[in-house]
Amino acid sequence: MQFAYDVYQENCPTRLVLDRLGDKWALLILDRLDGEPVRFNHLRRDITGISQKVLSQTLKKLERDGLISRTVFPTVPVTVEYALTPLGRTLTETVNLLAHWAEKHMDTVLAAQQAYDARGA
C-alpha cells in the first residue's frame, strides 16, 4: 500500500502529527476524552501535573489538527467542553493501548532501567 506521504522523509508534514501524538499530554487528553465530552476544568483536575497553560495549548493544537472539537456554552461563567471528532475517534484504540501499556509494563521497565544502570556503574 502506497501513501501520498512518507513519514521517513525529513520534510514530510506527517512528522508534525507524530510529534503531537507522541506528546504525553496529548495522549492523556485524547484518552480522557474517549467516551464523552469533558469540560476544561475537569480535564485539568483529571490529568494531574498539567498546567492550565499547557492544557490550553495542547487542546488548541489537537483542535487545529481536527482531532478534538470545542463547544462553548453561553453560561455564566462560560462553559467549554471538548470531545473527540470522528477523526480523533480513529485513534481511540491506539491511544488507549499505548497509554495503558505503560501502566501494565511499568514494573518491567523499571527493572530494565535498574539492570542497565547497574551495568554502567
# chains A, B, ... in the order shown; residues from 1 in each chain; ligands from 1
$ residues_around --residues "region 19-30 of chain A" --least-positions-apart "6" --cutoff "7 Å" --atoms "only C-alpha atoms" --output "list in words"
Thr58, Val95 and Ala99 of chain A
$ write_last_selection --atoms "N, CA and C atoms" --output "mmCIF file, in the first residue's frame"
data_model
loop_
_atom_site.group_PDB
_atom_site.id
_atom_site.type_symbol
_atom_site.label_atom_id
_atom_site.label_comp_id
_atom_site.auth_asym_id
_atom_site.auth_seq_id
_atom_site.Cartn_x
_atom_site.Cartn_y
_atom_site.Cartn_z
ATOM 1 N N THR A 58 -2.231 22.562 24.366
ATOM 2 C CA THR A 58 -2.376 21.228 23.780
ATOM 3 C C THR A 58 -3.762 21.044 23.184
ATOM 4 N N VAL A 95 -4.517 4.938 21.119
ATOM 5 C CA VAL A 95 -4.139 5.779 22.254
ATOM 6 C C VAL A 95 -4.348 5.029 23.564
ATOM 7 N N ALA A 99 -1.319 4.280 26.107
ATOM 8 C CA ALA A 99 -1.356 4.900 27.432
ATOM 9 C C ALA A 99 -1.364 3.849 28.543
#
$ residues_around --residues "Ser69 (chain A)" --least-positions-apart "2" --cutoff "7 Å" --atoms "only C-alpha atoms" --output "PyMOL selection string"
chain A and resi 63+71+82-85
$ write_last_selection --atoms "all heavy atoms" --output "PDB file, in the first residue's frame"
ATOM      1  N   GLU A  63      -7.211  20.547  18.486  1.00  0.00           N
ATOM      2  CA  GLU A  63      -8.365  21.069  17.748  1.00  0.00           C
ATOM      3  C   GLU A  63      -7.937  21.481  16.340  1.00  0.00           C
ATOM      4  O   GLU A  63      -8.625  21.191  15.356  1.00  0.00           O
ATOM      5  CB  GLU A  63      -8.965  22.263  18.486  1.00  0.00           C
ATOM      6  CG  GLU A  63     -10.214  22.811  17.837  1.00  0.00           C
ATOM      7  CD  GLU A  63     -10.809  23.998  18.563  1.00  0.00           C
ATOM      8  OE1 GLU A  63     -10.187  24.531  19.506  1.00  0.00           O
ATOM      9  OE2 GLU A  63     -11.915  24.413  18.165  1.00  0.00           O
ATOM     10  N   THR A  71     -16.699  23.100  22.218  1.00  0.00           N
ATOM     11  CA  THR A  71     -18.038  23.657  22.227  1.00  0.00           C
ATOM     12  C   THR A  71     -18.154  24.620  23.397  1.00  0.00           C
ATOM     13  O   THR A  71     -17.835  24.261  24.533  1.00  0.00           O
ATOM     14  CB  THR A  71     -19.108  22.550  22.367  1.00  0.00           C
ATOM     15  OG1 THR A  71     -18.922  21.600  21.313  1.00  0.00           O
ATOM     16  CG2 THR A  71     -20.505  23.122  22.298  1.00  0.00           C
ATOM     17  N   TYR A  82     -14.880  19.758  25.558  1.00  0.00           N
ATOM     18  CA  TYR A  82     -14.060  19.202  24.482  1.00  0.00           C
ATOM     19  C   TYR A  82     -14.499  17.768  24.241  1.00  0.00           C
ATOM     20  O   TYR A  82     -14.862  17.051  25.183  1.00  0.00           O
ATOM     21  CB  TYR A  82     -12.583  19.246  24.858  1.00  0.00           C
ATOM     22  CG  TYR A  82     -12.082  20.664  24.980  1.00  0.00           C
ATOM     23  CD1 TYR A  82     -12.163  21.344  26.182  1.00  0.00           C
ATOM     24  CD2 TYR A  82     -11.564  21.325  23.875  1.00  0.00           C
ATOM     25  CE1 TYR A  82     -11.729  22.652  26.288  1.00  0.00           C
ATOM     26  CE2 TYR A  82     -11.124  22.632  23.969  1.00  0.00           C
ATOM     27  CZ  TYR A  82     -11.212  23.289  25.180  1.00  0.00           C
ATOM     28  OH  TYR A  82     -10.782  24.592  25.281  1.00  0.00           O
ATOM     29  N   ALA A  83     -14.468  17.356  22.976  1.00  0.00           N
ATOM     30  CA  ALA A  83     -14.863  15.997  22.608  1.00  0.00           C
ATOM     31  C   ALA A  83     -14.010  15.537  21.434  1.00  0.00           C
ATOM     32  O   ALA A  83     -13.459  16.362  20.686  1.00  0.00           O
ATOM     33  CB  ALA A  83     -16.341  15.959  22.221  1.00  0.00           C
ATOM     34  N   LEU A  84     -13.908  14.247  21.279  1.00  0.00           N
ATOM     35  CA  LEU A  84     -13.217  13.696  20.116  1.00  0.00           C
ATOM     36  C   LEU A  84     -14.061  13.924  18.870  1.00  0.00           C
ATOM     37  O   LEU A  84     -15.287  13.806  18.916  1.00  0.00           O
ATOM     38  CB  LEU A  84     -12.979  12.193  20.290  1.00  0.00           C
ATOM     39  CG  LEU A  84     -11.995  11.769  21.378  1.00  0.00           C
ATOM     40  CD1 LEU A  84     -11.978  10.253  21.494  1.00  0.00           C
ATOM     41  CD2 LEU A  84     -10.607  12.306  21.093  1.00  0.00           C
ATOM     42  N   THR A  85     -13.405  14.229  17.771  1.00  0.00           N
ATOM     43  CA  THR A  85     -14.077  14.310  16.481  1.00  0.00           C
ATOM     44  C   THR A  85     -14.084  12.897  15.878  1.00  0.00           C
ATOM     45  O   THR A  85     -13.428  11.993  16.414  1.00  0.00           O
ATOM     46  CB  THR A  85     -13.306  15.241  15.533  1.00  0.00           C
ATOM     47  OG1 THR A  85     -12.005  14.683  15.313  1.00  0.00           O
ATOM     48  CG2 THR A  85     -13.201  16.651  16.101  1.00  0.00           C
TER      49      THR A  85
END
$ atom_distance --atom1 "CA of Thr48 (chain A)" --atom2 "CA of Gln113 (chain A)"
24.7 Å
$ atom_distance --atom1 "CA of Phe40 (chain A)" --atom2 "CA of Val80 (chain A)"
6.2 Å
$ select_by_dssp --residues "region 3-105 of chain A" --states "strand (DSSP E)" --output "JSON, numbers by chain"
{"A": [38, 39, 68, 69, 70, 71, 72, 73, 79, 80, 81, 82, 83, 84]}
$ select_by_dssp --residues "region 12-80 of chain A" --states "alpha helix (DSSP H)" --output "PyMOL selection string"
chain A and resi 14-21+24-32+40-46+52-64
